[in-house]
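Participant: This is the content of upload20.pdb (PDB, C-alpha atoms, pLDDT in the B column):
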```pdb
ATOM      1  CA  MET A   1    -168.467   5.282 126.021  1.00 41.00           C
ATOM      2  CA  THR A   2    -164.944   6.458 125.303  1.00 45.00           C
ATOM      3  CA  ASP A   3    -163.088   6.189 122.035  1.00 51.00           C
ATOM      4  CA  THR A   4    -160.219   3.844 122.870  1.00 48.00           C
ATOM      5  CA  SER A   5    -158.310   4.701 119.677  1.00 51.00           C
ATOM      6  CA  ALA A   6    -158.331   8.379 120.682  1.00 49.00           C
ATOM      7  CA  THR A   7    -157.281   7.446 124.219  1.00 47.00           C
ATOM      8  CA  ARG A   8    -154.416   5.275 122.985  1.00 49.00           C
ATOM      9  CA  THR A   9    -152.971   8.016 120.811  1.00 56.00           C
ATOM     10  CA  ALA A  10    -153.409  10.794 123.372  1.00 52.00           C
ATOM     11  CA  ALA A  11    -149.997   9.869 124.781  1.00 59.00           C
ATOM     12  CA  THR A  12    -148.413  10.664 121.394  1.00 64.00           C
ATOM     13  CA  GLY A  13    -150.266  13.969 121.085  1.00 72.00           C
ATOM     14  CA  THR A  14    -152.105  12.898 117.962  1.00 76.00           C
ATOM     15  CA  LEU A  15    -155.641  11.756 117.357  1.00 78.00           C
ATOM     16  CA  PRO A  16    -156.016   9.033 114.757  1.00 83.00           C
ATOM     17  CA  PRO A  17    -157.333   9.876 111.293  1.00 82.00           C
ATOM     18  CA  LEU A  18    -161.089  10.006 110.902  1.00 86.00           C
ATOM     19  CA  PRO A  19    -161.587   7.057 108.522  1.00 88.00           C
ATOM     20  CA  LEU A  20    -164.236   8.614 106.309  1.00 90.00           C
ATOM     21  CA  ILE A  21    -163.678   6.205 103.423  1.00 90.00           C
ATOM     22  CA  GLU A  22    -163.661   3.100 105.606  1.00 91.00           C
ATOM     23  CA  LEU A  23    -166.710   4.180 107.601  1.00 91.00           C
ATOM     24  CA  ALA A  24    -168.760   5.187 104.555  1.00 93.00           C
ATOM     25  CA  PRO A  25    -167.459   3.323 101.489  1.00 92.00           C
ATOM     26  CA  GLN A  26    -170.771   3.838  99.669  1.00 96.00           C
ATOM     27  CA  ALA A  27    -170.490   7.601 100.016  1.00 95.00           C
ATOM     28  CA  PHE A  28    -166.903   7.552  98.738  1.00 94.00           C
ATOM     29  CA  ALA A  29    -167.925   5.317  95.836  1.00 96.00           C
ATOM     30  CA  ALA A  30    -170.610   7.867  94.944  1.00 97.00           C
ATOM     31  CA  VAL A  31    -168.039  10.696  94.932  1.00 95.00           C
ATOM     32  CA  HIS A  32    -165.753   8.555  92.765  1.00 95.00           C
ATOM     33  CA  ALA A  33    -168.617   7.783  90.363  1.00 97.00           C
ATOM     34  CA  LEU A  34    -169.424  11.504  90.160  1.00 97.00           C
ATOM     35  CA  HIS A  35    -165.771  12.167  89.327  1.00 96.00           C
ATOM     36  CA  GLY A  36    -165.932   9.641  86.487  1.00 97.00           C
ATOM     37  CA  ALA A  37    -169.134  11.132  85.110  1.00 97.00           C
ATOM     38  CA  VAL A  38    -167.681  14.651  85.208  1.00 97.00           C
ATOM     39  CA  GLU A  39    -164.481  13.456  83.494  1.00 95.00           C
ATOM     40  CA  GLN A  40    -166.430  11.916  80.616  1.00 96.00           C
ATOM     41  CA  ALA A  41    -168.748  14.880  80.191  1.00 96.00           C
ATOM     42  CA  ALA A  42    -165.883  17.392  80.430  1.00 96.00           C
ATOM     43  CA  ALA A  43    -163.976  15.568  77.689  1.00 96.00           C
ATOM     44  CA  ALA A  44    -167.115  15.481  75.535  1.00 96.00           C
ATOM     45  CA  ALA A  45    -167.540  19.235  76.109  1.00 95.00           C
ATOM     46  CA  GLY A  46    -164.006  19.812  74.814  1.00 94.00           C
ATOM     47  CA  LEU A  47    -162.099  20.529  78.023  1.00 95.00           C
ATOM     48  CA  GLU A  48    -158.458  19.566  77.868  1.00 95.00           C
ATOM     49  CA  PRO A  49    -157.225  17.107  80.525  1.00 95.00           C
ATOM     50  CA  LEU A  50    -154.354  19.439  81.455  1.00 96.00           C
ATOM     51  CA  LEU A  51    -156.740  22.351  82.028  1.00 97.00           C
ATOM     52  CA  LEU A  52    -158.769  20.155  84.383  1.00 96.00           C
ATOM     53  CA  GLU A  53    -155.586  19.193  86.262  1.00 97.00           C
ATOM     54  CA  LEU A  54    -154.738  22.870  86.717  1.00 98.00           C
ATOM     55  CA  VAL A  55    -158.253  23.468  88.062  1.00 97.00           C
ATOM     56  CA  ARG A  56    -157.955  20.536  90.470  1.00 97.00           C
ATOM     57  CA  LEU A  57    -154.500  21.596  91.582  1.00 97.00           C
ATOM     58  CA  ARG A  58    -155.564  25.193  92.233  1.00 98.00           C
ATOM     59  CA  CYS A  59    -158.598  24.105  94.259  1.00 97.00           C
ATOM     60  CA  SER A  60    -156.408  21.716  96.255  1.00 96.00           C
ATOM     61  CA  GLN A  61    -153.946  24.540  96.952  1.00 97.00           C
ATOM     62  CA  LEU A  62    -156.763  26.755  98.220  1.00 95.00           C
ATOM     63  CA  ASN A  63    -158.083  23.951 100.427  1.00 93.00           C
ATOM     64  CA  GLY A  64    -154.669  23.129 101.887  1.00 91.00           C
ATOM     65  CA  CYS A  65    -154.926  19.477 100.859  1.00 92.00           C
ATOM     66  CA  THR A  66    -151.320  18.309 100.631  1.00 91.00           C
ATOM     67  CA  TYR A  67    -152.286  14.846  99.375  1.00 90.00           C
ATOM     68  CA  CYS A  68    -154.308  16.285  96.472  1.00 93.00           C
ATOM     69  CA  VAL A  69    -151.729  19.003  95.698  1.00 94.00           C
ATOM     70  CA  ASP A  70    -149.122  16.273  95.307  1.00 93.00           C
ATOM     71  CA  LEU A  71    -151.475  14.059  93.283  1.00 93.00           C
ATOM     72  CA  HIS A  72    -152.496  16.786  90.843  1.00 96.00           C
ATOM     73  CA  THR A  73    -148.991  18.248  90.537  1.00 97.00           C
ATOM     74  CA  THR A  74    -147.745  14.804  89.512  1.00 96.00           C
ATOM     75  CA  ALA A  75    -150.648  14.338  87.085  1.00 96.00           C
ATOM     76  CA  ALA A  76    -150.060  17.777  85.541  1.00 97.00           C
ATOM     77  CA  ARG A  77    -146.363  16.997  85.071  1.00 97.00           C
ATOM     78  CA  LYS A  78    -147.258  13.713  83.385  1.00 96.00           C
ATOM     79  CA  ALA A  79    -149.643  15.628  81.105  1.00 95.00           C
ATOM     80  CA  GLY A  80    -146.758  17.893  80.054  1.00 96.00           C
ATOM     81  CA  GLU A  81    -147.106  20.889  82.357  1.00 97.00           C
ATOM     82  CA  SER A  82    -143.940  22.944  82.902  1.00 97.00           C
ATOM     83  CA  GLU A  83    -142.283  23.431  86.272  1.00 97.00           C
ATOM     84  CA  GLU A  84    -142.477  27.199  85.798  1.00 97.00           C
ATOM     85  CA  ARG A  85    -146.256  27.201  85.436  1.00 97.00           C
ATOM     86  CA  LEU A  86    -146.700  24.697  88.273  1.00 97.00           C
ATOM     87  CA  GLY A  87    -144.573  26.893  90.512  1.00 96.00           C
ATOM     88  CA  LEU A  88    -146.564  30.003  89.640  1.00 97.00           C
ATOM     89  CA  LEU A  89    -150.061  28.532  89.652  1.00 98.00           C
ATOM     90  CA  ALA A  90    -150.805  29.939  93.116  1.00 97.00           C
ATOM     91  CA  ALA A  91    -150.040  33.409  91.711  1.00 97.00           C
ATOM     92  CA  TRP A  92    -151.615  32.928  88.291  1.00 97.00           C
ATOM     93  CA  ARG A  93    -153.317  36.336  88.376  1.00 95.00           C
ATOM     94  CA  GLU A  94    -149.954  38.073  88.730  1.00 96.00           C
ATOM     95  CA  SER A  95    -148.121  35.844  86.247  1.00 94.00           C
ATOM     96  CA  GLY A  96    -148.745  37.970  83.161  1.00 89.00           C
ATOM     97  CA  PRO A  97    -149.233  35.997  79.966  1.00 93.00           C
ATOM     98  CA  LEU A  98    -147.961  32.700  81.429  1.00 96.00           C
ATOM     99  CA  PHE A  99    -151.534  31.359  81.538  1.00 97.00           C
ATOM    100  CA  THR A 100    -153.840  31.672  78.533  1.00 96.00           C
ATOM    101  CA  PRO A 101    -157.130  33.592  78.709  1.00 96.00           C
ATOM    102  CA  ARG A 102    -158.935  30.235  78.633  1.00 96.00           C
ATOM    103  CA  GLU A 103    -156.884  28.923  81.583  1.00 97.00           C
ATOM    104  CA  ARG A 104    -157.298  32.174  83.489  1.00 96.00           C
ATOM    105  CA  ALA A 105    -161.077  32.035  83.032  1.00 96.00           C
ATOM    106  CA  ALA A 106    -161.202  28.414  84.203  1.00 97.00           C
ATOM    107  CA  LEU A 107    -158.977  29.127  87.222  1.00 97.00           C
ATOM    108  CA  ALA A 108    -161.057  32.147  88.258  1.00 95.00           C
ATOM    109  CA  LEU A 109    -164.253  30.106  88.004  1.00 95.00           C
ATOM    110  CA  ALA A 110    -162.711  27.224  89.971  1.00 96.00           C
ATOM    111  CA  GLU A 111    -161.605  29.636  92.701  1.00 95.00           C
ATOM    112  CA  ALA A 112    -165.091  31.144  92.861  1.00 94.00           C
ATOM    113  CA  VAL A 113    -166.604  27.667  93.287  1.00 93.00           C
ATOM    114  CA  THR A 114    -164.053  26.886  96.014  1.00 94.00           C
ATOM    115  CA  LEU A 115    -164.291  30.207  97.887  1.00 91.00           C
ATOM    116  CA  LEU A 116    -168.067  30.452  98.118  1.00 81.00           C
ATOM    117  CA  PRO A 117    -168.747  33.381 100.452  1.00 77.00           C
ATOM    118  CA  ASP A 118    -167.871  36.070  97.887  1.00 79.00           C
ATOM    119  CA  HIS A 119    -170.968  35.869  95.666  1.00 86.00           C
ATOM    120  CA  ALA A 120    -170.119  39.000  93.666  1.00 87.00           C
ATOM    121  CA  ALA A 121    -166.685  37.604  92.769  1.00 86.00           C
ATOM    122  CA  GLY A 122    -168.337  34.321  91.839  1.00 86.00           C
ATOM    123  CA  ALA A 123    -170.757  36.060  89.510  1.00 89.00           C
ATOM    124  CA  ARG A 124    -167.915  38.045  87.908  1.00 90.00           C
ATOM    125  CA  ALA A 125    -165.871  34.863  87.456  1.00 91.00           C
ATOM    126  CA  GLN A 126    -168.809  33.073  85.881  1.00 90.00           C
ATOM    127  CA  ARG A 127    -169.473  35.929  83.451  1.00 92.00           C
ATOM    128  CA  ALA A 128    -165.790  36.127  82.521  1.00 92.00           C
ATOM    129  CA  ALA A 129    -165.528  32.363  82.070  1.00 93.00           C
ATOM    130  CA  ARG A 130    -168.585  32.294  79.827  1.00 93.00           C
ATOM    131  CA  ASN A 131    -166.974  34.952  77.619  1.00 94.00           C
ATOM    132  CA  VAL A 132    -164.036  32.606  76.979  1.00 95.00           C
ATOM    133  CA  LEU A 133    -165.416  29.105  77.539  1.00 95.00           C
ATOM    134  CA  SER A 134    -168.562  27.600  76.071  1.00 94.00           C
ATOM    135  CA  ASP A 135    -171.402  27.090  78.551  1.00 94.00           C
ATOM    136  CA  PRO A 136    -170.753  23.314  78.686  1.00 95.00           C
ATOM    137  CA  GLU A 137    -167.027  23.939  79.239  1.00 96.00           C
ATOM    138  CA  ALA A 138    -167.722  26.441  82.024  1.00 94.00           C
ATOM    139  CA  ALA A 139    -170.224  24.045  83.583  1.00 95.00           C
ATOM    140  CA  PHE A 140    -167.708  21.219  83.677  1.00 95.00           C
ATOM    141  CA  VAL A 141    -164.961  23.428  85.064  1.00 95.00           C
ATOM    142  CA  ALA A 142    -167.401  24.204  87.895  1.00 94.00           C
ATOM    143  CA  TRP A 143    -168.240  20.498  88.250  1.00 94.00           C
ATOM    144  CA  ALA A 144    -164.540  19.539  88.281  1.00 96.00           C
ATOM    145  CA  ALA A 145    -163.930  22.122  91.012  1.00 95.00           C
ATOM    146  CA  THR A 146    -166.915  20.822  92.973  1.00 95.00           C
ATOM    147  CA  VAL A 147    -165.694  17.226  92.812  1.00 95.00           C
ATOM    148  CA  VAL A 148    -162.094  18.033  93.753  1.00 96.00           C
ATOM    149  CA  ASN A 149    -163.378  20.158  96.630  1.00 94.00           C
ATOM    150  CA  ALA A 150    -165.234  17.072  97.900  1.00 95.00           C
ATOM    151  CA  TYR A 151    -162.081  14.951  97.586  1.00 94.00           C
ATOM    152  CA  ASN A 152    -160.046  17.688  99.339  1.00 93.00           C
ATOM    153  CA  ARG A 153    -162.439  17.746 102.249  1.00 92.00           C
ATOM    154  CA  ILE A 154    -162.377  13.950 102.545  1.00 92.00           C
ATOM    155  CA  ALA A 155    -158.573  13.930 102.556  1.00 90.00           C
ATOM    156  CA  VAL A 156    -158.217  16.836 104.977  1.00 88.00           C
ATOM    157  CA  ALA A 157    -160.798  15.425 107.401  1.00 87.00           C
ATOM    158  CA  SER A 158    -159.191  11.973 107.242  1.00 85.00           C
ATOM    159  CA  ARG A 159    -155.663  12.902 108.290  1.00 78.00           C
ATOM    160  CA  PRO A 160    -154.382  12.693 111.867  1.00 62.00           C
ATOM    161  CA  ILE A 161    -154.697  15.834 113.959  1.00 60.00           C
ATOM    162  CA  PRO A 162    -152.808  16.971 117.049  1.00 58.00           C
ATOM    163  CA  ALA A 163    -154.775  16.003 120.156  1.00 52.00           C
ATOM    164  CA  ALA A 164    -154.581  19.590 121.445  1.00 50.00           C
ATOM    165  CA  GLU A 165    -156.622  20.722 118.420  1.00 48.00           C
ATOM    166  CA  GLY A 166    -159.313  18.137 119.059  1.00 44.00           C
TER     167      GLY A 166
END
```
Spit out the file's structure as structure tokens when you get a sec.

Facilitator:
Amino acid sequence: MTDTSATRTAATGTLPPLPLIELAPQAFAAVHALHGAVEQAAAAAGLEPLLLELVRLRCSQLNGCTYCVDLHTTAARKAGESEERLGLLAAWRESGPLFTPRERAALALAEAVTLLPDHAAGARAQRAARNVLSDPEAAFVAWAATVVNAYNRIAVASRPIPAAEG
């Protein structure tokens, strides 16, 4: 059996998006419910909404998810983030004092959760985060990174791809 939607778009050089949300709405609803639970628990643990947006934005940058980068950049702006810090988020380590120790710890932990293969860096990031953040705060930074990584993967897998890459 051939996929007629793929065949129809082969002439344009693009395969259609993989409709992950439409094909598995229950799975997407579960991810969305997890996001809501993490949001509530993170707020109860004392994490600032803007800090969580920076975490989500940095993970989305690392994952190359243009939809989520745009979404979280807009949300961070609405929460009061400056253009300077948004522009330098990808280079936060080299930005000097532009990001607070608390933000730097959260960003390092979020990157470690996103870039899993380097276990030693992940352990260092966790230790450093737990020196600055409470254990519940560090846990919910890791949870926020985990959830946005799931959303990033859904968005990236769902966009059209050139047929030659298929």

Participant: Since I can't run it myself right now, could you work out what the PyMOL selection byres ((chain A and resi 49-59) around 6) selects here and report it as a VMD selection string?

Facilitator: chain A and resid 48 60 to 62 69 72 76 107 148

Participant: Just the number, please: distance in Å from CA of Ala145 in chain A to CA of Ile21 in chain A, one decimal.

Facilitator: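 We find that CA of Ala145 in chain A and CA of Ile21 in chain A lie 20.2 Å from each other.
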
Participant: The PyMOL selection byres ((chain A and resi 111-117) around 10) - which residues does that actually catch in the file I just gave you? List them as a PyMOL selection string.

Facilitator: chain A and resi 55+58-60+62-63+105-110+118-126+141-146+148-149

Participant: Restricting the calculation to only C-alpha atoms: of A:Ser82, A:Ser134, A:Thr74, A:Gln26, which residue gets closest to Arg102 in chain A?

Facilitator: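 Closest candidate: A:Ser134.
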
Participant: To one decimal place, how far is CA of Ala157 in chain A from CA of Gln40 in chain A in Å?

Facilitator: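 CA of Gln40 in chain A lies 27.6 Å from CA of Ala157 in chain A.
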
Participant: Report, in Å to a single decimal, how far apart CA of Glu94 in chain A and CA of Leu133 in chain A are.

Facilitator: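 CA of Leu133 in chain A sits 21.1 Å away from CA of Glu94 in chain A.
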
Participant: For the structure shown, which residues end up in the PyMOL selection byres ((chain A and resi 155) around 12)? Put them as a PyMOL selection string, please?

Facilitator: chain A and resi 17-21+28+60+63-69+71+148-154+156-160
